$ cat structure-v9.pdb   # PDB, C-alpha atoms
ATOM      1  CA  MET U  15     117.463 -21.819 110.672  1.00  0.00           C
ATOM      2  CA  PRO U  16     121.013 -22.889 111.593  1.00  0.00           C
ATOM      3  CA  THR U  17     122.489 -25.629 109.404  1.00  0.00           C
ATOM      4  CA  ASN U  18     124.166 -27.310 112.380  1.00  0.00           C
ATOM      5  CA  LYS U  19     124.581 -26.882 116.105  1.00  0.00           C
ATOM      6  CA  PHE U  20     127.848 -24.934 115.617  1.00  0.00           C
ATOM      7  CA  ASP U  21     126.244 -22.305 113.327  1.00  0.00           C
ATOM      8  CA  PHE U  22     126.006 -19.767 116.148  1.00  0.00           C
ATOM      9  CA  LEU U  23     125.372 -16.755 113.888  1.00  0.00           C
ATOM     10  CA  GLY U  24     122.475 -18.635 112.331  1.00  0.00           C
ATOM     11  CA  GLN U  25     121.032 -19.159 115.798  1.00  0.00           C
ATOM     12  CA  VAL U  26     120.735 -15.387 116.357  1.00  0.00           C
ATOM     13  CA  THR U  27     117.147 -14.969 115.215  1.00  0.00           C
ATOM     14  CA  ASP U  28     115.363 -11.657 114.719  1.00  0.00           C
ATOM     15  CA  ASP U  29     113.426 -12.046 117.969  1.00  0.00           C
ATOM     16  CA  LYS U  30     116.747 -12.302 119.834  1.00  0.00           C
ATOM     17  CA  LEU U  31     118.389  -9.518 117.845  1.00  0.00           C
ATOM     18  CA  ALA U  32     115.625  -6.914 118.150  1.00  0.00           C
ATOM     19  CA  PRO U  33     115.772  -6.397 121.962  1.00  0.00           C
ATOM     20  CA  GLU U  34     119.559  -5.998 121.860  1.00  0.00           C
ATOM     21  CA  LEU U  35     119.345  -3.459 119.041  1.00  0.00           C
ATOM     22  CA  GLU U  36     116.684  -1.557 120.971  1.00  0.00           C
ATOM     23  CA  ARG U  37     118.874  -1.389 124.067  1.00  0.00           C
ATOM     24  CA  THR U  38     121.826  -0.146 122.027  1.00  0.00           C
ATOM     25  CA  SER U  39     119.856   2.447 120.060  1.00  0.00           C
ATOM     26  CA  THR U  40     118.067   3.715 123.180  1.00  0.00           C
ATOM     27  CA  ARG U  41     121.314   5.132 124.569  1.00  0.00           C
ATOM     28  CA  PHE U  42     121.917   7.114 121.382  1.00  0.00           C
ATOM     29  CA  HIS U  43     118.341   8.279 120.891  1.00  0.00           C
ATOM     30  CA  VAL U  44     117.846   9.424 124.467  1.00  0.00           C
ATOM     31  CA  THR U  45     121.068  11.430 124.120  1.00  0.00           C
ATOM     32  CA  VAL U  46     119.725  13.012 120.925  1.00  0.00           C
ATOM     33  CA  ALA U  47     116.507  13.956 122.707  1.00  0.00           C
ATOM     34  CA  TRP U  48     118.244  15.618 125.654  1.00  0.00           C
ATOM     35  CA  VAL U  49     120.612  17.533 123.398  1.00  0.00           C
ATOM     36  CA  ALA U  50     117.626  18.864 121.452  1.00  0.00           C
ATOM     37  CA  ILE U  51     115.717  19.734 124.630  1.00  0.00           C
ATOM     38  CA  VAL U  52     118.593  21.721 126.105  1.00  0.00           C
ATOM     39  CA  LEU U  53     120.341  23.264 123.116  1.00  0.00           C
ATOM     40  CA  ASP U  54     117.550  24.112 120.692  1.00  0.00           C
ATOM     41  CA  PRO U  55     116.119  26.973 122.829  1.00  0.00           C
ATOM     42  CA  VAL U  56     119.663  28.195 123.532  1.00  0.00           C
ATOM     43  CA  PHE U  57     120.244  28.804 119.820  1.00  0.00           C
ATOM     44  CA  ALA U  58     117.543  31.471 119.978  1.00  0.00           C
ATOM     45  CA  ILE U  59     120.465  33.732 120.928  1.00  0.00           C
ATOM     46  CA  THR U  60     121.812  33.448 117.375  1.00  0.00           C
ATOM     47  CA  ASP U  61     118.335  34.212 116.023  1.00  0.00           C
ATOM     48  CA  TYR U  62     118.349  37.442 118.016  1.00  0.00           C
ATOM     49  CA  PHE U  63     121.459  38.654 116.197  1.00  0.00           C
ATOM     50  CA  ASN U  64     120.864  37.129 112.750  1.00  0.00           C
ATOM     51  CA  ILE U  65     117.085  37.379 112.359  1.00  0.00           C
ATOM     52  CA  ALA U  66     116.204  40.251 114.655  1.00  0.00           C
ATOM     53  CA  ASN U  67     112.722  40.809 113.245  1.00  0.00           C
ATOM     54  CA  HIS U  68     111.607  37.224 113.785  1.00  0.00           C
ATOM     55  CA  TRP U  69     113.623  35.963 116.748  1.00  0.00           C
ATOM     56  CA  GLN U  70     110.610  36.002 119.091  1.00  0.00           C
ATOM     57  CA  THR U  71     108.580  33.781 116.762  1.00  0.00           C
ATOM     58  CA  LEU U  72     111.519  31.444 116.413  1.00  0.00           C
ATOM     59  CA  LEU U  73     111.979  31.373 120.187  1.00  0.00           C
ATOM     60  CA  VAL U  74     108.379  30.200 120.594  1.00  0.00           C
ATOM     61  CA  ILE U  75     108.928  27.534 117.936  1.00  0.00           C
ATOM     62  CA  ARG U  76     112.125  26.361 119.623  1.00  0.00           C
ATOM     63  CA  VAL U  77     110.451  26.138 123.036  1.00  0.00           C
ATOM     64  CA  VAL U  78     107.557  24.152 121.537  1.00  0.00           C
ATOM     65  CA  VAL U  79     110.020  21.780 119.833  1.00  0.00           C
ATOM     66  CA  SER U  80     111.868  21.325 123.125  1.00  0.00           C
ATOM     67  CA  ALA U  81     108.613  20.699 125.017  1.00  0.00           C
ATOM     68  CA  LEU U  82     107.334  18.146 122.501  1.00  0.00           C
ATOM     69  CA  THR U  83     110.658  16.340 122.577  1.00  0.00           C
ATOM     70  CA  LEU U  84     110.533  16.231 126.367  1.00  0.00           C
ATOM     71  CA  CYS U  85     106.992  14.812 126.198  1.00  0.00           C
ATOM     72  CA  ALA U  86     108.114  12.098 123.801  1.00  0.00           C
ATOM     73  CA  LEU U  87     111.002  11.252 126.111  1.00  0.00           C
ATOM     74  CA  LEU U  88     108.831  11.113 129.243  1.00  0.00           C
ATOM     75  CA  LEU U  89     106.028   9.132 127.606  1.00  0.00           C
ATOM     76  CA  ARG U  90     108.317   6.606 125.908  1.00  0.00           C
ATOM     77  CA  LYS U  91     108.203   3.995 128.658  1.00  0.00           C
ATOM     78  CA  ARG U  92     104.557   4.558 129.522  1.00  0.00           C
ATOM     79  CA  PHE U  93     103.380   3.880 125.970  1.00  0.00           C
ATOM     80  CA  LYS U  94     106.244   1.458 125.175  1.00  0.00           C
ATOM     81  CA  LEU U  95     107.392   3.554 122.236  1.00  0.00           C
ATOM     82  CA  PRO U  96     110.410   2.314 120.277  1.00  0.00           C
ATOM     83  CA  SER U  97     113.449   4.434 120.984  1.00  0.00           C
ATOM     84  CA  PHE U  98     113.756   5.719 117.414  1.00  0.00           C
ATOM     85  CA  VAL U  99     110.561   7.741 118.001  1.00  0.00           C
ATOM     86  CA  VAL U 100     112.419   9.721 120.684  1.00  0.00           C
ATOM     87  CA  ALA U 101     114.982  10.755 118.049  1.00  0.00           C
ATOM     88  CA  LEU U 102     112.471  11.071 115.215  1.00  0.00           C
ATOM     89  CA  VAL U 103     110.459  13.723 117.053  1.00  0.00           C
ATOM     90  CA  PRO U 104     113.261  16.292 117.533  1.00  0.00           C
ATOM     91  CA  PHE U 105     114.874  15.466 114.184  1.00  0.00           C
ATOM     92  CA  SER U 106     111.646  16.068 112.246  1.00  0.00           C
ATOM     93  CA  LEU U 107     110.585  19.100 114.279  1.00  0.00           C
ATOM     94  CA  ILE U 108     113.974  20.810 114.110  1.00  0.00           C
ATOM     95  CA  SER U 109     114.075  20.083 110.377  1.00  0.00           C
ATOM     96  CA  MET U 110     110.737  21.881 109.983  1.00  0.00           C
ATOM     97  CA  GLN U 111     112.016  24.661 112.218  1.00  0.00           C
ATOM     98  CA  ASN U 112     115.119  25.088 110.075  1.00  0.00           C
ATOM     99  CA  ALA U 113     113.018  24.988 106.916  1.00  0.00           C
ATOM    100  CA  TYR U 114     110.801  27.779 108.273  1.00  0.00           C
ATOM    101  CA  VAL U 115     113.851  29.978 108.815  1.00  0.00           C
ATOM    102  CA  TYR U 116     114.334  30.120 105.035  1.00  0.00           C
ATOM    103  CA  ALA U 117     111.068  32.025 104.776  1.00  0.00           C
ATOM    104  CA  VAL U 118     112.254  34.893 106.978  1.00  0.00           C
ATOM    105  CA  ILE U 119     116.008  35.266 106.427  1.00  0.00           C
ATOM    106  CA  ASP U 120     117.643  37.717 104.063  1.00  0.00           C
ATOM    107  CA  ALA U 121     120.207  36.797 101.440  1.00  0.00           C
ATOM    108  CA  ASP U 122     123.178  37.570 103.704  1.00  0.00           C
ATOM    109  CA  ASN U 123     122.204  34.801 106.125  1.00  0.00           C
ATOM    110  CA  VAL U 124     121.537  32.018 103.595  1.00  0.00           C
ATOM    111  CA  LEU U 125     125.017  30.518 103.842  1.00  0.00           C
ATOM    112  CA  GLY U 126     124.932  30.555 107.635  1.00  0.00           C
ATOM    113  CA  GLN U 127     121.535  28.875 107.676  1.00  0.00           C
ATOM    114  CA  ASN U 128     122.729  26.217 105.253  1.00  0.00           C
ATOM    115  CA  LEU U 129     125.696  25.531 107.516  1.00  0.00           C
ATOM    116  CA  ASN U 130     123.356  25.242 110.519  1.00  0.00           C
ATOM    117  CA  TYR U 131     121.242  22.743 108.601  1.00  0.00           C
ATOM    118  CA  MET U 132     124.349  20.734 107.693  1.00  0.00           C
ATOM    119  CA  ALA U 133     125.351  20.640 111.361  1.00  0.00           C
ATOM    120  CA  LEU U 134     121.940  19.183 112.227  1.00  0.00           C
ATOM    121  CA  LEU U 135     122.243  16.484 109.564  1.00  0.00           C
ATOM    122  CA  ILE U 136     125.815  15.561 110.513  1.00  0.00           C
ATOM    123  CA  GLY U 137     124.861  15.434 114.187  1.00  0.00           C
ATOM    124  CA  ALA U 138     121.955  13.134 113.374  1.00  0.00           C
ATOM    125  CA  ALA U 139     124.237  10.917 111.311  1.00  0.00           C
ATOM    126  CA  MET U 140     126.545  10.498 114.316  1.00  0.00           C
ATOM    127  CA  PHE U 141     123.838   9.474 116.805  1.00  0.00           C
ATOM    128  CA  VAL U 142     120.719   8.192 115.066  1.00  0.00           C
ATOM    129  CA  LEU U 143     120.344   4.424 114.646  1.00  0.00           C
ATOM    130  CA  TRP U 144     117.423   3.403 112.488  1.00  0.00           C
ATOM    131  CA  ARG U 145     116.632   1.785 109.146  1.00  0.00           C
ATOM    132  CA  TRP U 146     117.495   3.662 105.968  1.00  0.00           C
ATOM    133  CA  TYR U 147     113.913   4.449 104.952  1.00  0.00           C
ATOM    134  CA  TYR U 148     113.384   6.633 108.046  1.00  0.00           C
ATOM    135  CA  SER U 149     116.365   8.713 106.932  1.00  0.00           C
ATOM    136  CA  VAL U 150     115.038   8.973 103.369  1.00  0.00           C
ATOM    137  CA  LEU U 151     111.625  10.000 104.705  1.00  0.00           C
ATOM    138  CA  MET U 152     113.062  12.686 106.970  1.00  0.00           C
ATOM    139  CA  ILE U 153     115.431  14.089 104.350  1.00  0.00           C
ATOM    140  CA  GLY U 154     112.662  14.058 101.739  1.00  0.00           C
ATOM    141  CA  VAL U 155     110.172  15.864 103.994  1.00  0.00           C
ATOM    142  CA  SER U 156     112.857  18.374 105.005  1.00  0.00           C
ATOM    143  CA  ALA U 157     113.722  19.046 101.354  1.00  0.00           C
ATOM    144  CA  VAL U 158     110.069  19.633 100.444  1.00  0.00           C
ATOM    145  CA  ALA U 159     109.545  21.935 103.430  1.00  0.00           C
ATOM    146  CA  THR U 160     112.729  23.856 102.651  1.00  0.00           C
ATOM    147  CA  GLY U 161     111.677  24.296  99.034  1.00  0.00           C
ATOM    148  CA  PHE U 162     108.252  25.555 100.107  1.00  0.00           C
ATOM    149  CA  PHE U 163     109.559  28.142 102.569  1.00  0.00           C
ATOM    150  CA  LEU U 164     112.216  29.299 100.122  1.00  0.00           C
ATOM    151  CA  SER U 165     109.490  29.932  97.555  1.00  0.00           C
ATOM    152  CA  VAL U 166     107.775  32.217 100.073  1.00  0.00           C
ATOM    153  CA  ASN U 167     110.887  34.317 100.601  1.00  0.00           C
ATOM    154  CA  LYS U 168     111.188  36.855  97.780  1.00  0.00           C
ATOM    155  CA  LEU U 169     114.630  37.961  99.007  1.00  0.00           C
ATOM    156  CA  VAL U 170     116.326  34.644  98.177  1.00  0.00           C
ATOM    157  CA  THR U 171     116.283  33.206  94.665  1.00  0.00           C
ATOM    158  CA  PRO U 172     116.831  29.477  94.004  1.00  0.00           C
ATOM    159  CA  ASP U 173     120.094  30.255  92.201  1.00  0.00           C
ATOM    160  CA  TYR U 174     121.376  32.241  95.154  1.00  0.00           C
ATOM    161  CA  PHE U 175     120.394  29.442  97.542  1.00  0.00           C
ATOM    162  CA  PHE U 176     122.204  26.747  95.569  1.00  0.00           C
ATOM    163  CA  ILE U 177     125.339  28.835  95.063  1.00  0.00           C
ATOM    164  CA  HIS U 178     125.553  29.763  98.747  1.00  0.00           C
ATOM    165  CA  GLY U 179     125.636  26.301 100.262  1.00  0.00           C
ATOM    166  CA  GLY U 180     122.454  24.773  98.847  1.00  0.00           C
ATOM    167  CA  LEU U 181     124.211  22.221  96.680  1.00  0.00           C
ATOM    168  CA  LEU U 182     126.517  21.282  99.544  1.00  0.00           C
ATOM    169  CA  LEU U 183     123.470  20.920 101.801  1.00  0.00           C
ATOM    170  CA  ILE U 184     121.943  18.440  99.339  1.00  0.00           C
ATOM    171  CA  ALA U 185     125.198  16.486  99.267  1.00  0.00           C
ATOM    172  CA  VAL U 186     125.301  16.409 103.078  1.00  0.00           C
ATOM    173  CA  GLY U 187     121.706  15.173 103.121  1.00  0.00           C
ATOM    174  CA  ILE U 188     122.606  12.256 100.848  1.00  0.00           C
ATOM    175  CA  PHE U 189     125.727  11.587 102.917  1.00  0.00           C
ATOM    176  CA  THR U 190     123.585  11.540 106.057  1.00  0.00           C
ATOM    177  CA  VAL U 191     121.333   8.813 104.655  1.00  0.00           C
ATOM    178  CA  VAL U 192     124.348   6.709 103.646  1.00  0.00           C
ATOM    179  CA  LEU U 193     126.177   7.219 106.949  1.00  0.00           C
ATOM    180  CA  ILE U 194     123.159   6.397 109.124  1.00  0.00           C
ATOM    181  CA  ASN U 195     122.504   3.256 107.098  1.00  0.00           C
ATOM    182  CA  THR U 196     126.174   2.236 107.308  1.00  0.00           C
ATOM    183  CA  ARG U 197     126.293   2.761 111.075  1.00  0.00           C
ATOM    184  CA  TYR U 198     123.034   0.859 111.517  1.00  0.00           C
ATOM    185  CA  ARG U 199     124.320  -2.116 109.526  1.00  0.00           C
ATOM    186  CA  LEU U 200     127.593  -2.134 111.480  1.00  0.00           C
ATOM    187  CA  VAL U 201     125.727  -2.076 114.792  1.00  0.00           C
ATOM    188  CA  VAL U 202     123.482  -4.919 113.614  1.00  0.00           C
ATOM    189  CA  ARG U 203     126.539  -6.940 112.589  1.00  0.00           C
ATOM    190  CA  GLU U 204     128.350  -6.250 115.874  1.00  0.00           C
ATOM    191  CA  THR U 205     125.249  -7.083 117.915  1.00  0.00           C
ATOM    192  CA  ARG U 206     124.669 -10.309 116.001  1.00  0.00           C
ATOM    193  CA  ALA U 207     128.301 -11.335 116.545  1.00  0.00           C
ATOM    194  CA  ARG U 208     128.053 -10.534 120.262  1.00  0.00           C
ATOM    195  CA  LEU U 209     124.913 -12.633 120.632  1.00  0.00           C
ATOM    196  CA  ALA U 210     126.521 -15.468 118.674  1.00  0.00           C
ATOM    197  CA  LEU U 211     129.490 -15.335 121.052  1.00  0.00           C
ATOM    198  CA  ARG U 212     127.101 -15.469 123.997  1.00  0.00           C
ATOM    199  CA  ILE U 213     125.363 -18.514 122.502  1.00  0.00           C
ATOM    200  CA  SER U 214     128.706 -20.210 121.828  1.00  0.00           C
ATOM    201  CA  ASN U 215     129.843 -19.553 125.414  1.00  0.00           C
ATOM    202  CA  GLU U 216     126.602 -21.003 126.694  1.00  0.00           C
ATOM    203  CA  ALA U 217     127.079 -24.058 124.469  1.00  0.00           C
ATOM    204  CA  ILE U 218     130.637 -24.490 125.784  1.00  0.00           C
ATOM    205  CA  ARG U 219     129.379 -24.195 129.354  1.00  0.00           C
ATOM    206  CA  MET U 220     126.692 -26.810 128.709  1.00  0.00           C
ATOM    207  CA  GLN U 221     129.237 -29.133 127.108  1.00  0.00           C
ATOM    208  CA  ALA U 222     131.554 -28.651 130.080  1.00  0.00           C
ATOM    209  CA  ASP U 223     128.693 -29.503 132.456  1.00  0.00           C
ATOM    210  CA  GLN U 224     127.888 -32.591 130.395  1.00  0.00           C
ATOM    211  CA  ILE U 225     131.520 -33.710 130.444  1.00  0.00           C
ATOM    212  CA  LYS U 226     131.616 -33.110 134.193  1.00  0.00           C
ATOM    213  CA  ASP U 227     128.498 -35.238 134.685  1.00  0.00           C
ATOM    214  CA  ILE U 228     129.949 -38.009 132.519  1.00  0.00           C
ATOM    215  CA  ASN U 229     133.205 -37.958 134.482  1.00  0.00           C
ATOM    216  CA  GLU U 230     131.325 -38.045 137.775  1.00  0.00           C
ATOM    217  CA  ASN U 231     129.234 -40.973 136.560  1.00  0.00           C
ATOM    218  CA  LEU U 232     132.360 -42.795 135.375  1.00  0.00           C
ATOM    219  CA  GLU U 233     134.051 -42.200 138.706  1.00  0.00           C
ATOM    220  CA  LYS U 234     130.941 -43.458 140.469  1.00  0.00           C
ATOM    221  CA  ILE U 235     130.852 -46.607 138.307  1.00  0.00           C
ATOM    222  CA  VAL U 236     134.574 -47.217 138.788  1.00  0.00           C
ATOM    223  CA  HIS U 237     134.178 -46.741 142.535  1.00  0.00           C
ATOM    224  CA  GLU U 238     131.254 -49.171 142.660  1.00  0.00           C
ATOM    225  CA  ARG U 239     133.052 -51.788 140.556  1.00  0.00           C
ATOM    226  CA  THR U 240     136.169 -51.424 142.692  1.00  0.00           C
ATOM    227  CA  ALA U 241     134.071 -51.890 145.807  1.00  0.00           C
ATOM    228  CA  GLU U 242     132.451 -54.983 144.320  1.00  0.00           C
ATOM    229  CA  LEU U 243     135.841 -56.505 143.410  1.00  0.00           C
ATOM    230  CA  GLU U 244     137.189 -55.795 146.893  1.00  0.00           C
ATOM    231  CA  THR U 245     134.129 -57.486 148.407  1.00  0.00           C
ATOM    232  CA  LYS U 246     134.562 -60.553 146.189  1.00  0.00           C
ATOM    233  CA  ASN U 247     138.261 -60.782 147.006  1.00  0.00           C
ATOM    234  CA  LYS U 248     137.546 -60.668 150.736  1.00  0.00           C
ATOM    235  CA  ALA U 249     134.963 -63.418 150.310  1.00  0.00           C
TER     236      ALA U 249
END

$ encode --input "structure-v9.pdb" --output "structure tokens"
Amino acid sequence: MPTNKFDFLGQVTDDKLAPELERTSTRFHVTVAWVAIVLDPVFAITDYFNIANHWQTLLVIRVVVSALTLCALLLRKRFKLPSFVVALVPFSLISMQNAYVYAVIDADNVLGQNLNYMALLIGAAMFVLWRWYYSVLMIGVSAVATGFFLSVNKLVTPDYFFIHGGLLLIAVGIFTVVLINTRYRLVVRETRARLALRISNEAIRMQADQIKDINENLEKIVHERTAELETKNKA
């Protein structure tokens, strides 16, 4: 609760803040969804050259990911889904897709795949706006899935994975969690300040209206008293 009527930041309650945050995050998350829908199937071209024996399977996976993301985007308003779900769907699905690739690549493509995974995480860090625990959940699930699919691939040893970009990938994952959380907190702070400014402007407008009413009443009283004095003088 605000300590006084001029504590405008204190007057920005969670119920006022939440809709503004949703409107701001929706722009980012819808962008994430459309980028995933359009670009994920396109990257099947790289699969054709780098993973020739499995590119068809990966193409099917990419098309399914794109279709599910499109469904989430189209059904968002109908089911009143929060916007972060629209970003969570492609982020989680593409993470699983990237993790699966580790099961079918050879050692020569490990570094390239790690770089692709880093690009996904950095891209998410630039656009996703949600609370830190969603990031931890996604990174944790991705790490477990990656570890599982790596264990299936007998061509890539854990040592080879870590030396060829694996350790850097882990660092980028941690950086992603920190960056998303930092951006989210900055957006919350900016939104709260903007709402406080709106409340202060409204308070100033109300005070101006009150002063105007007082002045009009004073003018009316002065006019009436003047009229009364003029009447008495004439009498």

$ axis_aligned_box --input "structure-v9.pdb" --around "segment 88-100 of chain U" --padding-each-side "5 Å" --output "lines of an AutoDock Vina configuration file"
center_x = 108.6
center_y = 6.3
center_z = 123.5
size_x = 20.4
size_y = 19.7
size_z = 22.1

$ closest_residue --input "structure-v9.pdb" --among "U:Ala66, U:Leu82, U:Ala32, U:Ala50" --to "Asn123 of chain U" --atoms "all atoms listed in the file"
U:Ala66

$ atom_distance --input "structure-v9.pdb" --atom1 "atom CA of Ser165 of chain U" --atom2 "atom CA of Ile188 of chain U"
22.3 Å

$ resolve_selection --input "structure-v9.pdb" --expression "the PyMOL selection byres ((chain U and resi 126-140) around 8)" --output "number ranges by chain"
U: 46, 105, 109, 112, 115-116, 123-125, 141-142, 178-180, 183, 186-187, 190-191, 193-194

$ atom_distance --input "structure-v9.pdb" --atom1 "atom CA of Glu34 of chain U" --atom2 "atom CA of Val201 of chain U"
10.2 Å

$ resolve_selection --input "structure-v9.pdb" --expression "the PyMOL selection byres ((chain U and resi 107) around 12)" --output "PyMOL selection string"
chain U and resi 47+50-51+54+75-83+99-106+108-114+134+152+155-156+159

$ resolve_selection --input "structure-v9.pdb" --expression "the PyMOL selection byres ((chain U and resi 207-210) around 8)" --output "ChimeraX atom specification"
/U:22-23,25-26,31,203-206,211-214

$ closest_residue --input "structure-v9.pdb" --among "U:Arg41, U:Ala222, U:Trp144, U:Ile184" --to "Ala157 of chain U" --atoms "all atoms listed in the file"
U:Ile184

$ closest_residue --input "structure-v9.pdb" --among "U:Phe162, U:Phe98, U:Tyr62, U:Phe175" --to "Glu36 of chain U" --atoms "all atoms listed in the file"
U:Phe98

$ atom_distance --input "structure-v9.pdb" --atom1 "atom CA of Val118 of chain U" --atom2 "atom CA of Asn167 of chain U"
6.5 Å

$ closest_residue --input "structure-v9.pdb" --among "U:His43, U:Glu244, U:Leu72, U:Trp146" --to "Pro96 of chain U" --atoms "all atoms listed in the file"
U:His43
